[in-house]
$ cat my_file28.txt   # compact mmCIF, C-alpha atoms
# COMPACT_ATOMS: atom_id res chain seq x y z
CA MET A 1 20.84 -10.34 -20.66
CA SER A 2 23.33 -7.49 -20.63
CA GLU A 3 21.92 -6.28 -23.96
CA LEU A 4 18.50 -6.05 -22.39
CA ILE A 5 19.93 -3.98 -19.56
CA ASP A 6 21.64 -1.73 -22.13
CA VAL A 7 18.34 -1.20 -23.92
CA ILE A 8 16.57 -0.41 -20.65
CA MET A 9 19.29 2.06 -19.69
CA ALA A 10 18.97 3.75 -23.08
CA ILE A 11 15.19 4.02 -22.88
CA LYS A 12 15.02 5.10 -19.22
CA PRO A 13 15.91 8.81 -19.55
CA VAL A 14 13.62 9.28 -22.55
CA LEU A 15 10.74 7.59 -20.77
CA GLY A 16 11.41 9.62 -17.61
CA ALA A 17 11.37 12.92 -19.50
CA PHE A 18 8.22 11.85 -21.34
CA LEU A 19 6.45 10.99 -18.06
CA CYS A 20 7.50 14.37 -16.63
CA LEU A 21 5.95 16.06 -19.64
CA VAL A 22 2.72 14.06 -19.26
CA GLY A 23 2.55 14.95 -15.57
CA ALA A 24 3.06 18.64 -16.29
CA GLY A 25 0.30 18.41 -18.92
CA LEU A 26 -2.03 16.91 -16.30
CA ALA A 27 -1.14 19.78 -13.97
CA ILE A 28 -2.21 22.27 -16.65
CA ILE A 29 -5.44 20.32 -17.24
CA GLY A 30 -6.22 20.41 -13.53
CA THR A 31 -5.59 24.15 -13.48
CA VAL A 32 -7.89 24.66 -16.46
CA GLY A 33 -10.53 22.69 -14.54
CA VAL A 34 -10.08 24.95 -11.52
CA LEU A 35 -10.56 27.99 -13.74
CA ARG A 36 -13.62 26.62 -15.54
CA PHE A 37 -15.74 24.88 -12.94
CA PRO A 38 -18.69 26.83 -11.57
CA ASP A 39 -18.38 26.63 -7.79
CA PHE A 40 -15.95 25.98 -4.99
CA TYR A 41 -16.71 22.31 -4.35
CA THR A 42 -16.35 21.32 -7.99
CA ARG A 43 -13.07 23.21 -8.21
CA LEU A 44 -11.85 21.07 -5.33
CA HIS A 45 -12.25 17.99 -7.55
CA ALA A 46 -10.26 19.57 -10.36
CA ALA A 47 -7.48 20.49 -7.95
CA SER A 48 -7.28 16.91 -6.71
CA VAL A 49 -6.32 15.77 -10.22
CA THR A 50 -3.12 17.75 -9.81
CA ASP A 51 -2.60 16.48 -6.28
CA THR A 52 -2.82 12.80 -7.23
CA GLY A 53 -2.42 11.98 -10.91
CA ALA A 54 0.00 14.70 -11.97
CA ALA A 55 2.14 14.37 -8.84
CA THR A 56 2.42 10.58 -9.16
CA ILE A 57 3.33 10.64 -12.86
CA LEU A 58 5.85 13.48 -12.42
CA ILE A 59 7.51 11.75 -9.48
CA VAL A 60 7.72 8.42 -11.33
CA GLY A 61 9.27 10.27 -14.25
CA MET A 62 11.79 11.99 -11.98
CA ALA A 63 12.59 8.66 -10.30
CA LEU A 64 13.47 7.23 -13.72
CA LEU A 65 15.87 10.14 -14.25
CA ALA A 66 17.40 9.88 -10.77
CA PRO A 67 21.15 9.21 -10.62
CA THR A 68 21.25 7.48 -7.20
CA TRP A 69 18.91 5.50 -4.95
CA LEU A 70 19.04 8.26 -2.35
CA VAL A 71 17.26 10.58 -4.77
CA VAL A 72 14.62 7.91 -5.36
CA PHE A 73 14.10 7.70 -1.59
CA LYS A 74 13.64 11.46 -1.37
CA LEU A 75 11.12 11.35 -4.23
CA ALA A 76 9.25 8.57 -2.44
CA ALA A 77 9.21 10.71 0.71
CA ILE A 78 7.76 13.67 -1.23
CA TRP A 79 5.14 11.38 -2.76
CA LEU A 80 4.20 10.06 0.68
CA PHE A 81 3.92 13.58 2.11
CA LEU A 82 1.79 14.77 -0.79
CA PHE A 83 -0.54 11.78 -0.54
CA LEU A 84 -0.92 12.13 3.22
CA THR A 85 -1.31 15.90 3.37
CA GLY A 86 -3.27 16.48 0.15
CA PRO A 87 -6.57 14.91 1.21
CA THR A 88 -6.25 16.32 4.72
CA GLY A 89 -5.97 19.81 3.29
CA SER A 90 -8.84 19.24 0.85
CA HIS A 91 -11.08 17.89 3.59
CA ALA A 92 -10.19 20.79 5.89
CA LEU A 93 -11.09 23.21 3.10
CA ALA A 94 -14.37 21.49 2.28
CA ASN A 95 -15.30 21.17 5.93
CA ALA A 96 -14.47 24.81 6.67
CA ALA A 97 -16.51 25.99 3.68
CA HIS A 98 -19.44 23.76 4.65
CA THR A 99 -19.33 24.91 8.27
CA ALA A 100 -19.27 28.52 7.16
CA GLY A 101 -22.49 27.89 5.22
CA LEU A 102 -21.22 27.89 1.63
CA GLN A 103 -23.87 25.95 -0.32
CA PRO A 104 -22.72 23.72 -3.17
CA VAL A 105 -24.34 23.88 -6.60
CA ILE A 106 -26.37 20.68 -7.01
CA GLY A 107 -27.72 19.14 -10.18
CA ARG A 108 -26.63 18.82 -13.77
CA ARG A 109 -24.64 21.71 -15.15
CA THR A 110 -23.92 22.17 -18.84
CA SER A 111 -22.50 25.11 -20.74
CA ASN A 112 -25.17 24.54 -23.38
CA PRO A 113 -27.37 27.68 -23.23
CA GLU A 114 -30.66 26.07 -24.40
CA GLU A 115 -30.47 23.29 -21.87
CA GLU A 116 -29.76 25.70 -19.06
CA GLU A 117 -32.85 27.71 -19.92
CA ALA A 118 -34.95 24.56 -20.13
CA GLY A 119 -33.70 23.34 -16.76
CA MET B 120 12.13 17.71 -22.94
CA ILE B 121 12.31 17.94 -19.17
CA GLY B 122 12.83 21.66 -19.60
CA ALA B 123 9.49 21.75 -21.41
CA ALA B 124 7.93 20.03 -18.39
CA ALA B 125 9.33 22.79 -16.14
CA VAL B 126 7.92 25.48 -18.45
CA ALA B 127 4.53 23.72 -18.50
CA LEU B 128 4.48 23.67 -14.70
CA ILE B 129 5.28 27.41 -14.64
CA VAL B 130 2.35 27.99 -17.01
CA ALA B 131 0.11 25.96 -14.68
CA ILE B 132 1.27 28.00 -11.68
CA GLY B 133 0.61 31.22 -13.59
CA LEU B 134 -2.90 30.08 -14.55
CA MET B 135 -3.60 29.13 -10.95
CA LEU B 136 -2.59 32.66 -9.94
CA ILE B 137 -5.58 33.91 -11.96
CA ARG B 138 -7.88 31.90 -9.69
CA VAL B 139 -6.15 33.33 -6.63
CA LEU B 140 -6.84 36.85 -7.91
CA LEU B 141 -10.39 36.16 -9.21
CA GLY B 142 -11.66 33.72 -6.59
CA PRO B 143 -15.08 34.92 -5.48
CA THR B 144 -14.86 33.38 -2.01
CA LEU B 145 -12.06 33.10 0.49
CA TYR B 146 -12.02 29.32 0.15
CA ASP B 147 -11.39 29.50 -3.59
CA ARG B 148 -8.30 31.54 -2.88
CA VAL B 149 -7.03 29.18 -0.20
CA LEU B 150 -7.66 26.21 -2.50
CA ALA B 151 -5.79 27.90 -5.33
CA VAL B 152 -2.85 28.78 -3.08
CA ASN B 153 -2.73 25.20 -1.78
CA SER B 154 -2.83 23.78 -5.30
CA MET B 155 -0.18 26.28 -6.39
CA GLY B 156 1.98 25.04 -3.53
CA THR B 157 1.70 21.44 -4.75
CA LYS B 158 2.73 22.53 -8.23
CA ILE B 159 5.64 24.54 -6.83
CA VAL B 160 6.83 21.47 -4.91
CA LEU B 161 6.83 19.49 -8.16
CA PHE B 162 8.41 22.40 -10.05
CA ILE B 163 11.30 22.68 -7.61
CA GLY B 164 11.95 18.97 -8.04
CA VAL B 165 11.88 19.21 -11.83
CA LEU B 166 14.10 22.29 -11.72
CA GLY B 167 16.66 20.27 -9.78
CA PHE B 168 16.77 17.73 -12.61
CA VAL B 169 16.93 20.46 -15.27
CA LEU B 170 19.97 22.02 -13.56
CA GLY B 171 21.46 18.59 -12.86
CA ARG B 172 21.38 19.10 -9.10
CA PRO B 173 18.88 16.71 -7.47
CA ASP B 174 19.73 18.27 -4.08
CA PHE B 175 16.85 20.63 -4.82
CA LEU B 176 14.60 17.81 -3.66
CA ASP B 177 15.42 18.68 -0.04
CA ILE B 178 13.88 22.11 -0.55
CA SER B 179 10.97 20.36 -2.20
CA VAL B 180 10.33 18.14 0.84
CA LEU B 181 10.43 21.17 3.11
CA TYR B 182 8.06 23.11 0.86
CA ALA B 183 5.57 20.24 0.84
CA LEU B 184 5.45 20.24 4.65
CA ILE B 185 5.26 24.03 5.03
CA ASN B 186 2.54 24.21 2.37
CA PHE B 187 0.35 21.79 4.32
CA VAL B 188 0.90 23.48 7.67
CA SER B 189 0.19 26.92 6.24
CA THR B 190 -3.07 25.76 4.65
CA ILE B 191 -4.28 24.29 7.91
CA ALA B 192 -3.17 27.36 9.87
CA ILE B 193 -4.99 29.74 7.50
CA LEU B 194 -8.16 27.65 7.64
CA LYS B 195 -8.02 27.40 11.41
CA PHE B 196 -7.56 31.14 11.69
CA PHE B 197 -10.50 31.93 9.44
CA ARG B 198 -12.73 29.47 11.23
CA TYR B 199 -11.99 30.51 14.81
CA ARG B 200 -10.46 33.96 14.21
CA SER B 201 -7.82 33.00 16.76
CA PHE B 202 -4.84 30.71 17.08
CA GLN B 203 -5.55 30.05 20.76
CA VAL B 204 -8.29 27.43 20.27
CA PRO B 205 -6.91 23.89 20.35
CA LEU B 206 -7.60 21.84 17.24
CA MET B 207 -7.39 18.53 19.08
CA ARG B 208 -10.12 17.16 21.29
CA ARG B 209 -8.67 15.33 24.23
CA THR B 210 -11.31 13.18 25.87
CA ALA B 211 -14.74 14.72 25.73
CA PRO B 212 -15.85 17.09 22.97
CA ARG B 213 -15.32 20.50 24.49
CA ARG B 214 -17.20 23.60 23.38
CA THR B 215 -14.82 26.41 22.61
CA VAL B 216 -15.56 29.58 24.51
CA GLN B 217 -14.12 32.46 22.57
CA GLY B 218 -14.41 31.23 19.00
CA GLY B 219 -17.20 28.92 18.00
CA ASP B 220 -18.37 28.80 14.42
CA ASP B 221 -18.87 32.40 13.50
CA GLU B 222 -21.20 32.73 10.57
CA MET C 223 6.25 1.32 24.19
CA GLY C 224 5.69 -0.22 20.76
CA TYR C 225 4.61 3.15 19.46
CA PHE C 226 7.92 4.66 20.61
CA LEU C 227 9.87 1.93 18.84
CA GLY C 228 7.94 2.43 15.63
CA LEU C 229 8.45 6.18 15.75
CA ILE C 230 12.20 5.75 16.39
CA LEU C 231 12.54 3.42 13.41
CA VAL C 232 10.62 5.71 11.08
CA LEU C 233 12.51 8.83 12.19
CA ALA C 234 15.86 7.06 11.84
CA ALA C 235 14.96 5.87 8.33
CA LEU C 236 13.87 9.40 7.42
CA TRP C 237 17.10 10.93 8.70
CA LEU C 238 19.36 8.37 7.04
CA GLY C 239 17.47 8.63 3.76
CA LEU C 240 17.33 12.40 3.59
CA SER C 241 20.84 13.23 4.78
CA GLY C 242 23.00 10.83 2.76
CA ILE C 243 26.14 11.77 4.71
CA TYR C 244 27.21 9.13 7.20
CA THR C 245 30.02 10.73 9.26
CA PRO C 246 30.01 10.38 13.07
CA LEU C 247 29.14 14.03 13.61
CA ILE C 248 26.05 13.91 11.39
CA LEU C 249 24.90 10.61 12.90
CA THR C 250 25.24 12.07 16.41
CA LEU C 251 23.19 15.09 15.41
CA GLY C 252 20.61 12.73 13.95
CA THR C 253 20.37 10.80 17.22
CA ILE C 254 19.92 14.04 19.14
CA SER C 255 17.15 15.25 16.85
CA ILE C 256 15.36 11.90 17.06
CA LEU C 257 15.46 12.15 20.86
CA ILE C 258 14.12 15.72 20.77
CA SER C 259 11.29 14.58 18.47
CA LEU C 260 10.42 11.76 20.86
CA VAL C 261 10.32 14.10 23.85
CA LEU C 262 8.11 16.55 21.95
CA ALA C 263 5.79 13.77 20.74
CA SER C 264 5.35 12.37 24.24
CA ARG C 265 4.74 15.85 25.67
CA LEU C 266 2.08 16.47 23.02
CA GLU C 267 0.55 13.08 23.85
CA THR C 268 0.14 12.29 20.18
CA LEU C 269 1.72 8.85 20.47
CA ASP C 270 -1.26 6.54 20.29
CA ARG C 271 -2.89 4.28 17.75
CA GLU C 272 -3.56 7.12 15.31
CA GLY C 273 -0.27 8.90 15.86
CA ALA C 274 1.93 5.88 15.20
CA PRO C 275 0.04 3.21 13.25
CA TYR C 276 3.21 1.34 12.36
CA ALA C 277 1.97 -2.04 13.62
CA ARG C 278 -0.33 -2.20 10.61
CA THR C 279 2.21 -0.96 8.05
CA LEU C 280 1.93 -4.02 5.81
CA ASN C 281 -1.87 -3.94 5.76
CA LEU C 282 -1.93 -0.24 5.04
CA PHE C 283 0.61 -0.51 2.23
CA ALA C 284 -1.32 -3.36 0.62
CA TYR C 285 -4.42 -1.18 0.79
CA TRP C 286 -2.47 1.72 -0.67
CA GLY C 287 -1.42 -0.33 -3.68
CA TRP C 288 -5.07 -1.04 -4.45
CA LEU C 289 -5.99 2.60 -3.83
CA VAL C 290 -3.44 4.00 -6.30
CA VAL C 291 -4.98 1.92 -9.10
CA GLU C 292 -8.45 3.16 -8.12
CA ILE C 293 -7.23 6.77 -8.12
CA PHE C 294 -5.88 6.43 -11.64
CA LYS C 295 -9.16 4.92 -12.82
CA ALA C 296 -11.09 7.78 -11.19
CA ASN C 297 -8.84 10.40 -12.78
CA TRP C 298 -10.21 9.81 -16.28
CA PRO C 299 -13.74 11.24 -15.97
CA VAL C 300 -12.50 14.31 -14.12
CA ILE C 301 -9.83 15.01 -16.74
CA LYS C 302 -12.43 14.57 -19.47
CA ALA C 303 -14.75 16.99 -17.70
CA CYS C 304 -11.92 19.51 -17.41
CA VAL C 305 -10.99 19.57 -21.09
CA SER C 306 -14.26 18.85 -22.88
CA ALA C 307 -15.64 21.86 -24.74
CA ASN C 308 -19.09 21.59 -23.18
CA LEU C 309 -19.15 21.69 -19.42
CA ASP C 310 -21.07 18.59 -18.40
CA ILE C 311 -21.00 17.83 -14.69
CA ASN C 312 -23.59 16.70 -12.20
CA PRO C 313 -22.49 17.61 -8.67
CA ALA C 314 -24.33 16.12 -5.72
CA LEU C 315 -24.08 15.67 -1.98
CA VAL C 316 -24.27 12.01 -0.97
CA LYS C 317 -24.51 10.42 2.47
CA VAL C 318 -22.32 7.33 2.88
CA LYS C 319 -22.54 4.88 5.75
CA THR C 320 -19.35 3.20 6.90
CA ARG C 321 -18.70 0.08 8.94
CA CYS C 322 -15.41 1.49 10.26
CA GLU C 323 -15.43 2.04 14.01
CA SER C 324 -12.04 3.21 15.18
CA ASP C 325 -10.77 6.69 14.39
CA LEU C 326 -7.90 5.28 12.37
CA ALA C 327 -10.17 3.29 10.08
CA LYS C 328 -12.51 6.26 9.62
CA THR C 329 -9.56 8.49 8.80
CA VAL C 330 -8.26 6.01 6.24
CA PHE C 331 -11.68 5.70 4.63
CA ALA C 332 -12.44 9.42 4.54
CA ASN C 333 -8.96 10.21 3.24
CA SER C 334 -9.33 7.60 0.50
CA ILE C 335 -12.59 9.16 -0.61
CA THR C 336 -11.01 12.61 -0.69
CA LEU C 337 -7.93 11.33 -2.48
CA THR C 338 -10.00 9.83 -5.27
CA PRO C 339 -10.68 12.60 -7.80
CA GLY C 340 -14.39 13.27 -8.16
CA THR C 341 -15.34 12.75 -4.53
CA VAL C 342 -14.55 14.82 -1.43
CA THR C 343 -15.53 14.07 2.15
CA VAL C 344 -17.19 17.19 3.50
CA GLU C 345 -18.12 16.06 6.98
CA VAL C 346 -17.78 13.03 9.25
CA GLU C 347 -20.38 12.41 11.93
CA GLY C 348 -20.46 9.11 13.74
CA ASP C 349 -20.60 6.40 11.10
CA LYS C 350 -22.04 8.68 8.41
CA LEU C 351 -19.95 10.62 5.92
CA LEU C 352 -21.17 13.53 3.83
CA VAL C 353 -19.54 13.25 0.41
CA HIS C 354 -19.59 15.80 -2.38
CA ALA C 355 -19.32 14.13 -5.77
CA LEU C 356 -18.65 15.62 -9.18
CA PHE C 357 -20.84 13.05 -10.94
CA GLU C 358 -23.91 11.86 -9.09
CA GLU C 359 -24.13 8.64 -11.10
CA SER C 360 -20.64 7.54 -10.06
CA ALA C 361 -21.25 8.12 -6.33
CA THR C 362 -23.76 5.43 -5.47
CA PRO C 363 -23.44 3.74 -2.06
CA GLU C 364 -22.36 0.52 -3.82
CA SER C 365 -19.33 2.23 -5.35
CA PHE C 366 -18.04 3.04 -1.87
CA ALA C 367 -18.77 -0.40 -0.42
CA GLU C 368 -15.57 -2.04 -1.62
CA MET C 369 -13.39 0.85 -0.46
CA ASP C 370 -15.16 0.76 2.90
CA GLU C 371 -14.58 -2.97 3.24
CA ARG C 372 -10.93 -2.74 2.28
CA SER C 373 -10.10 0.23 4.51
CA TRP C 374 -11.83 -1.48 7.41
CA LYS C 375 -9.73 -4.58 6.77
CA ALA C 376 -6.52 -2.55 6.50
CA ALA C 377 -7.00 -0.50 9.65
CA ASP C 378 -9.26 -2.58 11.88
CA GLY C 379 -9.46 -6.14 10.56
CA SER C 380 -8.90 -8.98 13.03
CA ARG C 381 -8.89 -6.56 15.94
CA GLN C 382 -10.83 -7.69 18.98
CA VAL C 383 -11.17 -4.70 21.29
CA ALA C 384 -12.91 -1.69 19.89
CA THR C 385 -11.77 1.45 21.63
$ encode --input "my_file28.txt" --output "structure tokens"
Amino acid sequence: MSELIDVIMAIKPVLGAFLCLVGAGLAIIGTVGVLRFPDFYTRLHAASVTDTGAATILIVGMALLAPTWLVVFKLAAIWLFLFLTGPTGSHALANAAHTAGLQPVIGRRTSNPEEEEAG
Amino acid sequence: MIGAAAVALIVAIGLMLIRVLLGPTLYDRVLAVNSMGTKIVLFIGVLGFVLGRPDFLDISVLYALINFVSTIAILKFFRYRSFQVPLMRRTAPRRTVQGGDDE
Amino acid sequence: MGYFLGLILVLAALWLGLSGIYTPLILTLGTISILISLVLASRLETLDREGAPYARTLNLFAYWGWLVVEIFKANWPVIKACVSANLDINPALVKVKTRCESDLAKTVFANSITLTPGTVTVEVEGDKLLVHALFEESATPESFAEMDERSWKAADGSRQVAT
């Protein structure tokens, strides 16, 4: 039993750092999405990848690296704040844009030039 | 390895800055600033672990809250052009006098 | 009165968790700040069912556990759309009907939709929600039915009086 705990303690920091790296990669992917997508509403979706997936994975990774339980509690508090405030901010943005009359792009969008001309 | 995560987050923040500068509409810029704020919250936390001082998480909590409040405040200002209009509706839906939805 | 108790418990847990120093001076300061927060909250009149939904904590956390899994499942298509060489998206505006009645349940449902990557609630009017989706095929009314049911159960289920 104690051997198992030893193995877990040896793996934990490596796994935590790996999860942090994955989360940071997701943050970059979300940013690339924000840069590439054609209009405001679609960019909102790309940004929400960072708000949910990347934040969760990064915080789990940091929790695995945490030295004390107090740090884990703080990380949980940050996670809770991000998950409560993130969608509220996104909805406020979308609602404000919609109220101001910003029309979303509807219909299939591809970066394939022939298809775009056909459609 | 965790240092690489911090560098990757900085790269993401830098890329998001491009959207802040390019953003054709106001809302793109606000969205980019909000998303940058989320990344900065995560970056401050990771930085704490890189430097071996998890106390940085306190700053991170504070930044998360301020980021949210500032986004809502900016949006409210650009919708009503005033901070005087109450956001909350008490009992009956009340038409705002000075602001309204200016289009 | 129950709302006050819930708020006191949550604020105390927040203070104890974030400070980490348990000397008499710090604990006294914590008590004072909790009291100030209570006075401010009661002056703002935000202490009602939406402001302090702690009576339904267990239900909401059970719902949250299910929601996190859904969010991770919904992350995949959006990530793929972000990194694929050819941009291939199909944005659409969809109207969704909800069975949620109270403000709390509607908030939970709309927030869940926004939290899931690929869908954003644009507007809420009565029991109809205007949702912007990144992929039209993934935003059929049926795909929201389960989330609707579960958020209604978490926030409103087994409640008699509708306010």
$ atom_distance --input "my_file28.txt" --atom1 "CA of Gly86 in chain A" --atom2 "CA of Ile258 in chain C"
27.0 Å
$ axis_aligned_box --input "my_file28.txt" --around "range 258-270 of chain C" --padding-each-side "8 Å" --output "AutoDock Vina command-line options"
--center_x 6.4 --center_y 11.5 --center_z 22.1 --size_x 31.4 --size_y 26.0 --size_z 23.2
$ closest_residue --input "my_file28.txt" --among "A:Gly101, A:Gly33, A:Gly107, A:Gly53" --to "Val291 in chain C" --atoms "all atoms listed in the file"
A:Gly53
$ closest_residue --input "my_file28.txt" --among "A:Val60, A:Ala55, A:Leu19, A:Val49" --to "chain C" --atoms "only C-alpha atoms"
A:Val49
$ atom_distance --input "my_file28.txt" --atom1 "CA of Asp370 in chain C" --atom2 "CA of Val318 in chain C"
9.7 Å
$ closest_atom_pairs --input "my_file28.txt" --of "chain C" --to "chain A" --cutoff "10 Å" --atoms "all atoms listed in the file" --output "JSON lines"
{"residue": "C:Leu236", "atom": "CA", "partner": "A:Ala77", "partner_atom": "CA", "distance": 8.3}
{"residue": "C:Leu238", "atom": "CA", "partner": "A:Leu70", "partner_atom": "CA", "distance": 9.4}
{"residue": "C:Gly239", "atom": "CA", "partner": "A:Leu70", "partner_atom": "CA", "distance": 6.3}
{"residue": "C:Leu240", "atom": "CA", "partner": "A:Lys74", "partner_atom": "CA", "distance": 6.3}
{"residue": "C:Ser241", "atom": "CA", "partner": "A:Leu70", "partner_atom": "CA", "distance": 8.9}
{"residue": "C:Gly242", "atom": "CA", "partner": "A:Leu70", "partner_atom": "CA", "distance": 7.0}
{"residue": "C:Val290", "atom": "CA", "partner": "A:Thr52", "partner_atom": "CA", "distance": 8.9}
{"residue": "C:Ile293", "atom": "CA", "partner": "A:Thr52", "partner_atom": "CA", "distance": 7.5}
{"residue": "C:Phe294", "atom": "CA", "partner": "A:Gly53", "partner_atom": "CA", "distance": 6.6}
{"residue": "C:Lys295", "atom": "CA", "partner": "A:Gly53", "partner_atom": "CA", "distance": 9.9}
{"residue": "C:Ala296", "atom": "CA", "partner": "A:Val49", "partner_atom": "CA", "distance": 9.4}
{"residue": "C:Asn297", "atom": "CA", "partner": "A:Val49", "partner_atom": "CA", "distance": 6.5}
{"residue": "C:Trp298", "atom": "CA", "partner": "A:Val49", "partner_atom": "CA", "distance": 9.3}
{"residue": "C:Val300", "atom": "CA", "partner": "A:Ala46", "partner_atom": "CA", "distance": 6.8}
{"residue": "C:Ile301", "atom": "CA", "partner": "A:Ile29", "partner_atom": "CA", "distance": 6.9}
{"residue": "C:Lys302", "atom": "CA", "partner": "A:Ile29", "partner_atom": "CA", "distance": 9.3}
{"residue": "C:Ala303", "atom": "CA", "partner": "A:Gly33", "partner_atom": "CA", "distance": 7.8}
{"residue": "C:Cys304", "atom": "CA", "partner": "A:Gly33", "partner_atom": "CA", "distance": 4.5}
{"residue": "C:Val305", "atom": "CA", "partner": "A:Ile29", "partner_atom": "CA", "distance": 6.8}
{"residue": "C:Ser306", "atom": "CA", "partner": "A:Gly33", "partner_atom": "CA", "distance": 9.9}
{"residue": "C:Ala307", "atom": "CA", "partner": "A:Ser111", "partner_atom": "CA", "distance": 8.6}
{"residue": "C:Asn308", "atom": "CA", "partner": "A:Ser111", "partner_atom": "CA", "distance": 5.5}
{"residue": "C:Leu309", "atom": "CA", "partner": "A:Thr110", "partner_atom": "CA", "distance": 4.8}
{"residue": "C:Asp310", "atom": "CA", "partner": "A:Thr110", "partner_atom": "CA", "distance": 4.6}
{"residue": "C:Ile311", "atom": "CA", "partner": "A:Arg109", "partner_atom": "CA", "distance": 5.3}
{"residue": "C:Asn312", "atom": "CA", "partner": "A:Arg108", "partner_atom": "CA", "distance": 4.0}
{"residue": "C:Pro313", "atom": "CA", "partner": "A:Ile106", "partner_atom": "CA", "distance": 5.2}
{"residue": "C:Ala314", "atom": "CA", "partner": "A:Ile106", "partner_atom": "CA", "distance": 5.2}
{"residue": "C:Leu315", "atom": "CA", "partner": "A:Ile106", "partner_atom": "CA", "distance": 7.5}
{"residue": "C:Thr329", "atom": "CA", "partner": "A:Thr88", "partner_atom": "CA", "distance": 9.4}
{"residue": "C:Ala332", "atom": "CA", "partner": "A:His91", "partner_atom": "CA", "distance": 8.6}
{"residue": "C:Asn333", "atom": "CA", "partner": "A:Pro87", "partner_atom": "CA", "distance": 5.7}
{"residue": "C:Ser334", "atom": "CA", "partner": "A:Pro87", "partner_atom": "CA", "distance": 7.8}
{"residue": "C:Ile335", "atom": "CA", "partner": "A:Pro87", "partner_atom": "CA", "distance": 8.5}
{"residue": "C:Thr336", "atom": "CA", "partner": "A:Pro87", "partner_atom": "CA", "distance": 5.3}
{"residue": "C:Leu337", "atom": "CA", "partner": "A:Pro87", "partner_atom": "CA", "distance": 5.3}
{"residue": "C:Thr338", "atom": "CA", "partner": "A:Ser48", "partner_atom": "CA", "distance": 7.7}
{"residue": "C:Pro339", "atom": "CA", "partner": "A:Ser48", "partner_atom": "CA", "distance": 5.6}
{"residue": "C:Gly340", "atom": "CA", "partner": "A:His45", "partner_atom": "CA", "distance": 5.2}
{"residue": "C:Thr341", "atom": "CA", "partner": "A:His45", "partner_atom": "CA", "distance": 6.8}
{"residue": "C:Val342", "atom": "CA", "partner": "A:His91", "partner_atom": "CA", "distance": 6.8}
{"residue": "C:Thr343", "atom": "CA", "partner": "A:His91", "partner_atom": "CA", "distance": 6.0}
{"residue": "C:Val344", "atom": "CA", "partner": "A:Asn95", "partner_atom": "CA", "distance": 5.0}
{"residue": "C:Glu345", "atom": "CA", "partner": "A:Asn95", "partner_atom": "CA", "distance": 5.9}
{"residue": "C:Val346", "atom": "CA", "partner": "A:Asn95", "partner_atom": "CA", "distance": 9.1}
{"residue": "C:Leu352", "atom": "CA", "partner": "A:Asn95", "partner_atom": "CA", "distance": 9.9}
{"residue": "C:Val353", "atom": "CA", "partner": "A:Ala94", "partner_atom": "CA", "distance": 9.9}
{"residue": "C:His354", "atom": "CA", "partner": "A:Tyr41", "partner_atom": "CA", "distance": 7.4}
{"residue": "C:Ala355", "atom": "CA", "partner": "A:Thr42", "partner_atom": "CA", "distance": 8.1}
{"residue": "C:Leu356", "atom": "CA", "partner": "A:Thr42", "partner_atom": "CA", "distance": 6.3}
{"residue": "C:Phe357", "atom": "CA", "partner": "A:Arg108", "partner_atom": "CA", "distance": 8.7}
{"residue": "C:Glu358", "atom": "CA", "partner": "A:Gly107", "partner_atom": "CA", "distance": 8.3}
$ atom_distance --input "my_file28.txt" --atom1 "CA of Leu251 in chain C" --atom2 "CA of Ile178 in chain B"
19.8 Å
$ interface_residues --input "my_file28.txt" --of "chain B" --to "chain A" --cutoff "6 Å" --atoms "all atoms listed in the file" --output "VMD selection string"
chain B and resid 120 to 121 124 127 to 128 131 135 147 180 222
$ residues_around --input "my_file28.txt" --residues "range 184-186 of chain B" --least-positions-apart "2" --cutoff "8 Å" --atoms "only C-alpha atoms" --output "JSON, numbers by chain"
{"A": [81], "B": [153, 156, 157, 180, 181, 182, 188, 189, 190]}
$ write_last_selection --input "my_file28.txt" --atoms "C-alpha atoms" --output "CSV table (one decimal), keeping the file's coordinate frame"
chain,number,residue,atom,x,y,z
A,81,PHE,CA,3.9,13.6,2.1
B,153,ASN,CA,-2.7,25.2,-1.8
B,156,GLY,CA,2.0,25.0,-3.5
B,157,THR,CA,1.7,21.4,-4.8
B,180,VAL,CA,10.3,18.1,0.8
B,181,LEU,CA,10.4,21.2,3.1
B,182,TYR,CA,8.1,23.1,0.9
B,188,VAL,CA,0.9,23.5,7.7
B,189,SER,CA,0.2,26.9,6.2
B,190,THR,CA,-3.1,25.8,4.6
$ closest_residue --input "my_file28.txt" --among "B:Leu150, B:Ala183, B:Ala192, B:Ala123" --to "Leu136 in chain B" --atoms "only C-alpha atoms"
B:Leu150
$ residues_near_point --input "my_file28.txt" --point "(0.8, -0.3, 13.5)" --cutoff "12 Å" --atoms "only C-alpha atoms" --output "ChimeraX atom specification"
/C:224-229,232,269-283,326,376-378,381
$ closest_residue --input "my_file28.txt" --among "C:Thr268, C:Ser324, C:Ser360, C:Ser365" --to "chain B" --atoms "all atoms listed in the file"
C:Thr268
$ closest_residue --input "my_file28.txt" --among "B:Ile132, B:Val139, B:Val126, B:Ile191" --to "Ile159 in chain B" --atoms "only C-alpha atoms"
B:Ile132
